[in-house]
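Structure record follows, encoded as structure tokens.
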Amino acid sequence: MFNLWEKCLARLQSELPSREFSMWIRPLHAEIHNNSLNLYAPNKFVLEWVRDKYHKYIYKLMQEFCINSTPSLHFRSSICSIQKKKNVNTHLLYSKQNSQLNQNVTNLNSNINNKYKFENFVKGVSNELAYELAYKVANDINKIDYNPLFFCGANGLGKTHLLHAIGNNIINDHQNINILYIHTETFVQNMITALKNNFIEEFKIYYQKIDILLIDDVQFFANKKRSQKEFCYILNYLLEKKKQVILTSDRHPKEINDVQDYLTSRFEWGLTILIKPPELKNRMAIIIKKANENHITLSNKIAFFIAKNFHSNVRELEGVLNRIICNASFSGCKINLNFVQKILTDLLYANNNIITINDIQKIVSQFYNITILDLISKSRLSSIVRPRQIAIAIAKQLTCHSLPEIGNAFGGRDHSTVLYTCRKIKQLSKENPDIKKDIYKLIKLLSC
């Protein structure tokens, strides 16, 4: 019977448009039970759509391929399969197409990846508050103090890890909870499909039944007005029903451009937590832990050298470590400090040429014949205010720091002040050629 489903899959793949096949057929997995072929969909939304649109088509293919009697065909949600496995020893058979699916997925209905847990999250000063709040939410789902909970910070700082860690904790302790992790781009894609096929009400109903929604990278809602509207409808419903919603973004809600004010206000309704780049001690701990996971022992000297020179995010550290391990494996060389320095020469050169906020403050203060203390002071003298505003705008343009980080570097100003300053300088540079010329010269000096 497994071969029967494989034949059906091959035919479906050849006859359906690739996008349609990937969206609706590829997520199905097959189970044999009592002369029946059960096809499990990852969620109710997909289940109802596939059952309505493809049941007759698939069964006709089964009749075509069956020599003797054709088995019965049933469509079910994957959550039913998971509950059924507690009582019945069934044998799940995956098609070749589905065999490449991530083996770390614990619950096909939730999309939670069991690779990411609280136990393997490296906690430090920069992410401690985010970790503690995530842990609190995961372990006390009946007490919702922060809703929505919004984690923001640059890429590679562990936001997605925390979402999956929350999911894994809840799935282990509460198997009857409807929890869903989804990336914003996937949400938008599914919503567009639902709109095209007049299935938007079913789409909304599916999300209304979720108890805990974990949605990643909400900055991808930018410029998608219809998606923002539909998501806001779902978000309002879940918040009113006291369902926990946890969001992530690579920037503060106020920094997400081209998002309607009504959605930004919902993002800020609960609690927003900024995750900063890991500090030196935390980076060393991450490097050593990642090395241990690869069965490599690194000395504290090597870990310190890497952590001192690479500090933007965890992904960068992982990339550096992978380069070291790969080169050592191919060359057969022992991983010592000299070897590491040699392997990372080009990256170190590139890193040493990265422009920092301190670089900007030095160049701007020299250019306008003022001091760095003037730049970070509260002075309202025009001879200081304008250079300060220009320095802040250049920092936003040339560095990867968030608005709160830039504000902190300029005397503890908040992110809204930084945002206002950047917009003001952008407007002034259009109206005043001298300001535009100064900014050009300053960027040229920094580039040199």
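Please note that chains go A, B, ... in the order of the structure tokens, that every chain numbers its residues from 1, and that ligands are numbered from 1 in the order shown.
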
Please report, as CSV, each residue of region 171-211 of chain A lying at most 12 Å from region 227-233 of chain A, together with the nearest pair of atoms and the separation in Å rounded to one decimal; use only C-alpha atoms, and order rows by chain and ascending residue number.
residue,atom,partner,partner_atom,distance
A:Thr184,CA,A:Ser227,CA,9.7
A:Glu185,CA,A:Ser227,CA,10.1
A:Thr186,CA,A:Ser227,CA,11.2
A:Phe187,CA,A:Ser227,CA,8.5
A:Val188,CA,A:Ser227,CA,6.1
A:Gln189,CA,A:Ser227,CA,9.3
A:Asn190,CA,A:Ser227,CA,10.1
A:Met191,CA,A:Ser227,CA,7.2
A:Ile192,CA,A:Ser227,CA,8.1
A:Thr193,CA,A:Ser227,CA,11.6
A:Ala194,CA,A:Glu230,CA,11.4
A:Leu195,CA,A:Ser227,CA,10.4
A:Ile200,CA,A:Glu230,CA,9.2
A:Glu201,CA,A:Glu230,CA,10.3
A:Phe203,CA,A:Glu230,CA,9.8
A:Lys204,CA,A:Glu230,CA,8.0
A:Ile205,CA,A:Tyr233,CA,11.1
A:Tyr207,CA,A:Phe231,CA,9.6
A:Gln208,CA,A:Tyr233,CA,9.7

Please dump the current selection as a PDB file, in the first residue's frame; keep C-alpha atoms.
ATOM      1  CA  THR A 184       5.428  35.480   9.204  1.00  0.00           C
ATOM      2  CA  GLU A 185       6.239  34.758   5.547  1.00  0.00           C
ATOM      3  CA  THR A 186       4.473  31.383   5.825  1.00  0.00           C
ATOM      4  CA  PHE A 187       1.463  33.029   7.445  1.00  0.00           C
ATOM      5  CA  VAL A 188       1.276  35.562   4.610  1.00  0.00           C
ATOM      6  CA  GLN A 189       1.673  32.878   1.940  1.00  0.00           C
ATOM      7  CA  ASN A 190      -1.095  30.731   3.458  1.00  0.00           C
ATOM      8  CA  MET A 191      -3.365  33.742   3.815  1.00  0.00           C
ATOM      9  CA  ILE A 192      -2.902  34.691   0.148  1.00  0.00           C
ATOM     10  CA  THR A 193      -3.745  31.125  -0.870  1.00  0.00           C
ATOM     11  CA  ALA A 194      -6.865  31.218   1.293  1.00  0.00           C
ATOM     12  CA  LEU A 195      -7.941  34.523  -0.269  1.00  0.00           C
ATOM     13  CA  ILE A 200     -10.364  33.115   4.231  1.00  0.00           C
ATOM     14  CA  GLU A 201     -13.088  32.509   6.836  1.00  0.00           C
ATOM     15  CA  PHE A 203      -8.330  30.386   7.635  1.00  0.00           C
ATOM     16  CA  LYS A 204      -9.426  32.763  10.411  1.00  0.00           C
ATOM     17  CA  ILE A 205     -11.331  30.055  12.265  1.00  0.00           C
ATOM     18  CA  TYR A 207      -6.162  30.528  13.965  1.00  0.00           C
ATOM     19  CA  GLN A 208      -8.937  31.390  16.416  1.00  0.00           C
TER      20      GLN A 208
END

Which residues of region 375-405 of chain A come within 12 Å of region 269-279 of chain A, and for each one, what is the closest pair of atoms and their distance in Å to one decimal, counting only C-alpha atoms, sorted by chain and residue number, as a tab-separated table?
residue	atom	partner	partner_atom	distance
A:Cys400	CA	A:Pro277	CA	10.7
A:His401	CA	A:Lys276	CA	9.2
A:Ser402	CA	A:Lys276	CA	8.9
A:Leu403	CA	A:Leu274	CA	10.6
A:Pro404	CA	A:Leu274	CA	8.6
A:Glu405	CA	A:Lys276	CA	8.5

Could you pull out all residues of region 246-309 of chain A with a DSSP call of alpha helix (DSSP H) and give them as an mmCIF file with all heavy atoms, in the first residue's frame?
data_model
loop_
_atom_site.group_PDB
_atom_site.id
_atom_site.type_symbol
_atom_site.label_atom_id
_atom_site.label_comp_id
_atom_site.auth_asym_id
_atom_site.auth_seq_id
_atom_site.Cartn_x
_atom_site.Cartn_y
_atom_site.Cartn_z
ATOM 1 N N ASP A 261 -0.429 51.772 11.975
ATOM 2 C CA ASP A 261 -0.340 52.159 13.386
ATOM 3 C C ASP A 261 -1.150 51.238 14.290
ATOM 4 O O ASP A 261 -0.739 50.946 15.419
ATOM 5 C CB ASP A 261 -0.807 53.602 13.571
ATOM 6 C CG ASP A 261 0.165 54.607 12.982
ATOM 7 O OD1 ASP A 261 1.344 54.224 12.760
ATOM 8 O OD2 ASP A 261 -0.233 55.755 12.726
ATOM 9 N N TYR A 262 -2.303 50.781 13.796
ATOM 10 C CA TYR A 262 -3.140 49.940 14.649
ATOM 11 C C TYR A 262 -2.448 48.617 14.985
ATOM 12 O O TYR A 262 -2.627 48.072 16.080
ATOM 13 C CB TYR A 262 -4.509 49.668 14.003
ATOM 14 C CG TYR A 262 -4.480 48.959 12.666
ATOM 15 C CD1 TYR A 262 -4.266 47.593 12.569
ATOM 16 C CD2 TYR A 262 -4.705 49.669 11.485
ATOM 17 C CE1 TYR A 262 -4.246 46.947 11.340
ATOM 18 C CE2 TYR A 262 -4.685 49.041 10.261
ATOM 19 C CZ TYR A 262 -4.462 47.670 10.192
ATOM 20 O OH TYR A 262 -4.439 47.024 8.975
ATOM 21 N N LEU A 263 -1.600 48.111 14.055
ATOM 22 C CA LEU A 263 -0.883 46.868 14.330
ATOM 23 C C LEU A 263 0.320 47.131 15.230
ATOM 24 O O LEU A 263 0.591 46.345 16.147
ATOM 25 C CB LEU A 263 -0.439 46.217 13.018
ATOM 26 C CG LEU A 263 0.174 44.809 13.136
ATOM 27 C CD1 LEU A 263 -0.776 43.865 13.863
ATOM 28 C CD2 LEU A 263 0.509 44.250 11.761
ATOM 29 N N THR A 264 1.013 48.241 14.993
ATOM 30 C CA THR A 264 2.140 48.608 15.866
ATOM 31 C C THR A 264 1.672 48.754 17.307
ATOM 32 O O THR A 264 2.348 48.313 18.243
ATOM 33 C CB THR A 264 2.782 49.928 15.395
ATOM 34 O OG1 THR A 264 3.254 49.772 14.058
ATOM 35 C CG2 THR A 264 3.948 50.305 16.290
ATOM 36 N N SER A 265 0.514 49.368 17.504
ATOM 37 C CA SER A 265 -0.002 49.559 18.866
ATOM 38 C C SER A 265 -0.318 48.225 19.525
ATOM 39 O O SER A 265 -0.132 48.067 20.734
ATOM 40 C CB SER A 265 -1.245 50.455 18.848
ATOM 41 O OG SER A 265 -2.333 49.795 18.210
ATOM 42 N N ARG A 266 -0.777 47.250 18.727
ATOM 43 C CA ARG A 266 -1.047 45.898 19.277
ATOM 44 C C ARG A 266 0.259 45.222 19.675
ATOM 45 O O ARG A 266 0.326 44.546 20.696
ATOM 46 C CB ARG A 266 -1.783 45.031 18.258
ATOM 47 C CG ARG A 266 -3.145 45.516 17.829
ATOM 48 C CD ARG A 266 -4.121 45.668 18.980
ATOM 49 N NE ARG A 266 -5.450 45.986 18.512
ATOM 50 C CZ ARG A 266 -5.879 47.187 18.184
ATOM 51 N NH1 ARG A 266 -5.039 48.218 18.252
ATOM 52 N NH2 ARG A 266 -7.115 47.392 17.791
ATOM 53 N N PHE A 267 1.288 45.409 18.845
ATOM 54 C CA PHE A 267 2.593 44.817 19.163
ATOM 55 C C PHE A 267 3.109 45.336 20.511
ATOM 56 O O PHE A 267 3.737 44.611 21.268
ATOM 57 C CB PHE A 267 3.614 45.149 18.071
ATOM 58 C CG PHE A 267 3.401 44.423 16.778
ATOM 59 C CD1 PHE A 267 3.991 44.874 15.596
ATOM 60 C CD2 PHE A 267 2.624 43.273 16.711
ATOM 61 C CE1 PHE A 267 3.821 44.203 14.397
ATOM 62 C CE2 PHE A 267 2.432 42.601 15.510
ATOM 63 C CZ PHE A 267 3.030 43.071 14.354
ATOM 64 N N LEU A 280 31.195 39.566 26.159
ATOM 65 C CA LEU A 280 32.394 38.731 25.977
ATOM 66 C C LEU A 280 32.279 37.389 26.688
ATOM 67 O O LEU A 280 32.529 36.333 26.088
ATOM 68 C CB LEU A 280 33.628 39.492 26.473
ATOM 69 C CG LEU A 280 34.966 38.738 26.390
ATOM 70 C CD1 LEU A 280 35.323 38.433 24.951
ATOM 71 C CD2 LEU A 280 36.086 39.551 27.051
ATOM 72 N N LYS A 281 31.913 37.401 27.949
ATOM 73 C CA LYS A 281 31.825 36.159 28.727
ATOM 74 C C LYS A 281 30.805 35.209 28.126
ATOM 75 O O LYS A 281 31.033 34.000 28.040
ATOM 76 C CB LYS A 281 31.462 36.491 30.176
ATOM 77 C CG LYS A 281 31.483 35.296 31.114
ATOM 78 C CD LYS A 281 31.168 35.734 32.541
ATOM 79 C CE LYS A 281 31.144 34.518 33.480
ATOM 80 N NZ LYS A 281 30.826 34.939 34.882
ATOM 81 N N ASN A 282 29.678 35.759 27.707
ATOM 82 C CA ASN A 282 28.627 34.959 27.099
ATOM 83 C C ASN A 282 29.074 34.383 25.753
ATOM 84 O O ASN A 282 28.789 33.225 25.420
ATOM 85 C CB ASN A 282 27.376 35.825 26.911
ATOM 86 C CG ASN A 282 26.135 35.024 26.576
ATOM 87 O OD1 ASN A 282 25.231 35.515 25.905
ATOM 88 N ND2 ASN A 282 26.052 33.777 27.016
ATOM 89 N N ARG A 283 29.808 35.189 24.988
ATOM 90 C CA ARG A 283 30.310 34.701 23.690
ATOM 91 C C ARG A 283 31.284 33.541 23.887
ATOM 92 O O ARG A 283 31.262 32.565 23.136
ATOM 93 C CB ARG A 283 30.992 35.853 22.927
ATOM 94 C CG ARG A 283 30.050 36.973 22.537
ATOM 95 C CD ARG A 283 30.628 37.850 21.434
ATOM 96 N NE ARG A 283 31.851 38.527 21.796
ATOM 97 C CZ ARG A 283 31.913 39.694 22.427
ATOM 98 N NH1 ARG A 283 30.794 40.308 22.805
ATOM 99 N NH2 ARG A 283 33.082 40.271 22.699
ATOM 100 N N MET A 284 32.128 33.645 24.893
ATOM 101 C CA MET A 284 33.049 32.551 25.184
ATOM 102 C C MET A 284 32.294 31.279 25.552
ATOM 103 O O MET A 284 32.631 30.182 25.084
ATOM 104 C CB MET A 284 33.984 32.949 26.341
ATOM 105 C CG MET A 284 35.051 33.962 25.969
ATOM 106 S SD MET A 284 36.149 34.338 27.364
ATOM 107 C CE MET A 284 36.968 32.735 27.591
ATOM 108 N N ALA A 285 31.252 31.429 26.365
ATOM 109 C CA ALA A 285 30.444 30.262 26.769
ATOM 110 C C ALA A 285 29.762 29.629 25.561
ATOM 111 O O ALA A 285 29.698 28.393 25.442
ATOM 112 C CB ALA A 285 29.407 30.693 27.807
ATOM 113 N N ILE A 286 29.270 30.473 24.647
ATOM 114 C CA ILE A 286 28.609 29.968 23.434
ATOM 115 C C ILE A 286 29.600 29.197 22.576
ATOM 116 O O ILE A 286 29.304 28.097 22.083
ATOM 117 C CB ILE A 286 27.993 31.137 22.631
ATOM 118 C CG1 ILE A 286 26.810 31.746 23.403
ATOM 119 C CG2 ILE A 286 27.554 30.678 21.247
ATOM 120 C CD1 ILE A 286 26.341 33.071 22.845
ATOM 121 N N ILE A 287 30.789 29.750 22.384
ATOM 122 C CA ILE A 287 31.816 29.106 21.555
ATOM 123 C C ILE A 287 32.202 27.749 22.125
ATOM 124 O O ILE A 287 32.273 26.749 21.399
ATOM 125 C CB ILE A 287 33.058 30.017 21.448
ATOM 126 C CG1 ILE A 287 32.730 31.264 20.637
ATOM 127 C CG2 ILE A 287 34.234 29.265 20.816
ATOM 128 C CD1 ILE A 287 33.712 32.399 20.828
ATOM 129 N N ILE A 288 32.433 27.698 23.416
ATOM 130 C CA ILE A 288 32.837 26.436 24.058
ATOM 131 C C ILE A 288 31.709 25.402 23.974
ATOM 132 O O ILE A 288 31.959 24.228 23.689
ATOM 133 C CB ILE A 288 33.244 26.697 25.527
ATOM 134 C CG1 ILE A 288 34.553 27.491 25.558
ATOM 135 C CG2 ILE A 288 33.394 25.391 26.300
ATOM 136 C CD1 ILE A 288 34.957 27.990 26.929
ATOM 137 N N LYS A 289 30.472 25.853 24.187
ATOM 138 C CA LYS A 289 29.335 24.932 24.127
ATOM 139 C C LYS A 289 29.148 24.381 22.715
ATOM 140 O O LYS A 289 28.942 23.175 22.521
ATOM 141 C CB LYS A 289 28.055 25.637 24.590
ATOM 142 C CG LYS A 289 26.840 24.718 24.656
ATOM 143 C CD LYS A 289 25.652 25.431 25.242
ATOM 144 C CE LYS A 289 24.456 24.506 25.350
ATOM 145 N NZ LYS A 289 24.694 23.345 26.211
ATOM 146 N N LYS A 290 29.216 25.261 21.718
ATOM 147 C CA LYS A 290 29.066 24.813 20.325
ATOM 148 C C LYS A 290 30.193 23.867 19.923
ATOM 149 O O LYS A 290 29.984 22.902 19.191
ATOM 150 C CB LYS A 290 29.029 26.023 19.382
ATOM 151 C CG LYS A 290 27.843 26.948 19.580
ATOM 152 C CD LYS A 290 26.536 26.284 19.246
ATOM 153 C CE LYS A 290 25.366 27.247 19.428
ATOM 154 N NZ LYS A 290 24.068 26.566 19.174
ATOM 155 N N ALA A 291 31.396 24.139 20.403
ATOM 156 C CA ALA A 291 32.523 23.264 20.113
ATOM 157 C C ALA A 291 32.305 21.894 20.740
ATOM 158 O O ALA A 291 32.544 20.855 20.101
ATOM 159 C CB ALA A 291 33.819 23.880 20.635
ATOM 160 N N ASN A 292 31.824 21.870 21.978
ATOM 161 C CA ASN A 292 31.549 20.603 22.654
ATOM 162 C C ASN A 292 30.488 19.790 21.916
ATOM 163 O O ASN A 292 30.570 18.556 21.849
ATOM 164 C CB ASN A 292 31.096 20.855 24.100
ATOM 165 C CG ASN A 292 32.227 21.355 24.977
ATOM 166 O OD1 ASN A 292 33.404 21.150 24.660
ATOM 167 N ND2 ASN A 292 31.888 22.013 26.079
ATOM 168 N N GLU A 293 29.492 20.489 21.365
ATOM 169 C CA GLU A 293 28.450 19.801 20.600
ATOM 170 C C GLU A 293 29.027 19.133 19.361
ATOM 171 O O GLU A 293 28.474 18.162 18.849
ATOM 172 C CB GLU A 293 27.351 20.794 20.201
ATOM 173 C CG GLU A 293 26.485 21.246 21.367
ATOM 174 C CD GLU A 293 25.489 22.336 20.978
ATOM 175 O OE1 GLU A 293 25.484 22.738 19.783
ATOM 176 O OE2 GLU A 293 24.729 22.791 21.854
ATOM 177 N N ASN A 300 40.500 27.939 26.714
ATOM 178 C CA ASN A 300 39.937 29.252 27.041
ATOM 179 C C ASN A 300 40.618 30.368 26.241
ATOM 180 O O ASN A 300 39.990 31.370 25.904
ATOM 181 C CB ASN A 300 40.079 29.525 28.538
ATOM 182 C CG ASN A 300 39.079 28.733 29.357
ATOM 183 O OD1 ASN A 300 38.025 28.350 28.869
ATOM 184 N ND2 ASN A 300 39.416 28.474 30.616
ATOM 185 N N LYS A 301 41.910 30.177 25.918
ATOM 186 C CA LYS A 301 42.638 31.175 25.130
ATOM 187 C C LYS A 301 42.028 31.327 23.740
ATOM 188 O O LYS A 301 41.854 32.434 23.229
ATOM 189 C CB LYS A 301 44.116 30.788 25.018
ATOM 190 C CG LYS A 301 44.954 31.122 26.240
ATOM 191 C CD LYS A 301 46.426 30.860 25.962
ATOM 192 C CE LYS A 301 47.282 31.258 27.165
ATOM 193 N NZ LYS A 301 48.726 31.027 26.894
ATOM 194 N N ILE A 302 41.727 30.178 23.106
ATOM 195 C CA ILE A 302 41.132 30.214 21.763
ATOM 196 C C ILE A 302 39.728 30.807 21.824
ATOM 197 O O ILE A 302 39.349 31.650 20.996
ATOM 198 C CB ILE A 302 41.098 28.799 21.153
ATOM 199 C CG1 ILE A 302 42.530 28.306 20.909
ATOM 200 C CG2 ILE A 302 40.302 28.787 19.848
ATOM 201 C CD1 ILE A 302 42.611 26.870 20.433
ATOM 202 N N ALA A 303 38.945 30.379 22.821
ATOM 203 C CA ALA A 303 37.586 30.903 22.974
ATOM 204 C C ALA A 303 37.615 32.411 23.200
ATOM 205 O O ALA A 303 36.802 33.152 22.635
ATOM 206 C CB ALA A 303 36.878 30.202 24.130
ATOM 207 N N PHE A 304 38.568 32.867 24.000
ATOM 208 C CA PHE A 304 38.693 34.303 24.268
ATOM 209 C C PHE A 304 39.077 35.060 22.993
ATOM 210 O O PHE A 304 38.527 36.129 22.702
ATOM 211 C CB PHE A 304 39.758 34.538 25.348
ATOM 212 C CG PHE A 304 40.017 35.994 25.623
ATOM 213 C CD1 PHE A 304 39.146 36.740 26.398
ATOM 214 C CD2 PHE A 304 41.135 36.631 25.083
ATOM 215 C CE1 PHE A 304 39.383 38.084 26.640
ATOM 216 C CE2 PHE A 304 41.376 37.972 25.320
ATOM 217 C CZ PHE A 304 40.498 38.705 26.099
ATOM 218 N N PHE A 305 40.003 34.499 22.225
ATOM 219 C CA PHE A 305 40.441 35.145 20.983
ATOM 220 C C PHE A 305 39.270 35.313 20.013
ATOM 221 O O PHE A 305 39.076 36.386 19.428
ATOM 222 C CB PHE A 305 41.544 34.314 20.328
ATOM 223 C CG PHE A 305 41.990 34.839 18.992
ATOM 224 C CD1 PHE A 305 42.872 35.907 18.900
ATOM 225 C CD2 PHE A 305 41.500 34.276 17.815
ATOM 226 C CE1 PHE A 305 43.265 36.403 17.660
ATOM 227 C CE2 PHE A 305 41.889 34.767 16.578
ATOM 228 C CZ PHE A 305 42.774 35.834 16.497
ATOM 229 N N ILE A 306 38.479 34.252 19.850
ATOM 230 C CA ILE A 306 37.332 34.318 18.937
ATOM 231 C C ILE A 306 36.295 35.315 19.460
ATOM 232 O O ILE A 306 35.789 36.165 18.720
ATOM 233 C CB ILE A 306 36.691 32.926 18.764
ATOM 234 C CG1 ILE A 306 37.697 31.947 18.138
ATOM 235 C CG2 ILE A 306 35.439 33.015 17.897
ATOM 236 C CD1 ILE A 306 37.229 30.505 18.137
ATOM 237 N N ALA A 307 35.984 35.201 20.757
ATOM 238 C CA ALA A 307 34.955 36.058 21.348
ATOM 239 C C ALA A 307 35.343 37.529 21.314
ATOM 240 O O ALA A 307 34.483 38.409 21.154
ATOM 241 C CB ALA A 307 34.697 35.619 22.787
ATOM 242 N N LYS A 308 36.625 37.808 21.451
ATOM 243 C CA LYS A 308 37.091 39.201 21.446
ATOM 244 C C LYS A 308 36.974 39.833 20.068
ATOM 245 O O LYS A 308 36.709 41.036 19.935
ATOM 246 C CB LYS A 308 38.553 39.243 21.922
ATOM 247 C CG LYS A 308 39.128 40.645 22.038
ATOM 248 C CD LYS A 308 40.581 40.614 22.462
ATOM 249 C CE LYS A 308 41.170 42.018 22.526
ATOM 250 N NZ LYS A 308 42.605 41.997 22.896
ATOM 251 N N ASN A 309 37.155 39.033 19.031
ATOM 252 C CA ASN A 309 37.191 39.578 17.673
ATOM 253 C C ASN A 309 35.880 39.467 16.907
ATOM 254 O O ASN A 309 35.713 40.137 15.881
ATOM 255 C CB ASN A 309 38.289 38.867 16.880
ATOM 256 C CG ASN A 309 39.681 39.292 17.305
ATOM 257 O OD1 ASN A 309 40.137 40.375 16.969
ATOM 258 N ND2 ASN A 309 40.344 38.439 18.092
#

request  = For Ile324 (chain A), work out the shell of residues within 10 Å, counting only C-alpha atoms and skipping chain neighbours fewer than 3 positions away, then give it as JSON, numbers by chain.
outcome  = {"A": [318, 319, 320, 321, 327, 328, 329, 335, 339, 340, 341, 342, 343, 344]}

At a cut-off of 12 Å, can you tabulate as CSV every residue of region 258-346 of chain A near region 353-366 of chain A together with its closest atom pair and the distance in Å to one decimal, using only C-alpha atoms and ordering rows by chain then number?
residue,atom,partner,partner_atom,distance
A:Asn309,CA,A:Ile354,CA,11.3
A:Phe310,CA,A:Ile354,CA,11.1
A:His311,CA,A:Ile354,CA,11.6
A:Ser312,CA,A:Ile354,CA,11.0
A:Asp346,CA,A:Asn353,CA,11.1

key: Between CA of Phe150 (chain A) and CA of Phe121 (chain A), distance in Å (one decimal)   =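 Going from CA of Phe150 (chain A) over to CA of Phe121 (chain A) covers 18.3 Å.
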
query = With distances taken over only C-alpha atoms, which of A:Trp49, A:Ala165, A:Asn38, A:Asn197 is nearest to Leu73 (chain A)?
reply = A:Asn38

message = Using DSSP assignments from the backbone, pull out every residue in region 16-86 of chain A that falls under strand (DSSP E) and give it to me as a PyMOL selection string.
response = chain A and resi 29-32+36-41+72-77
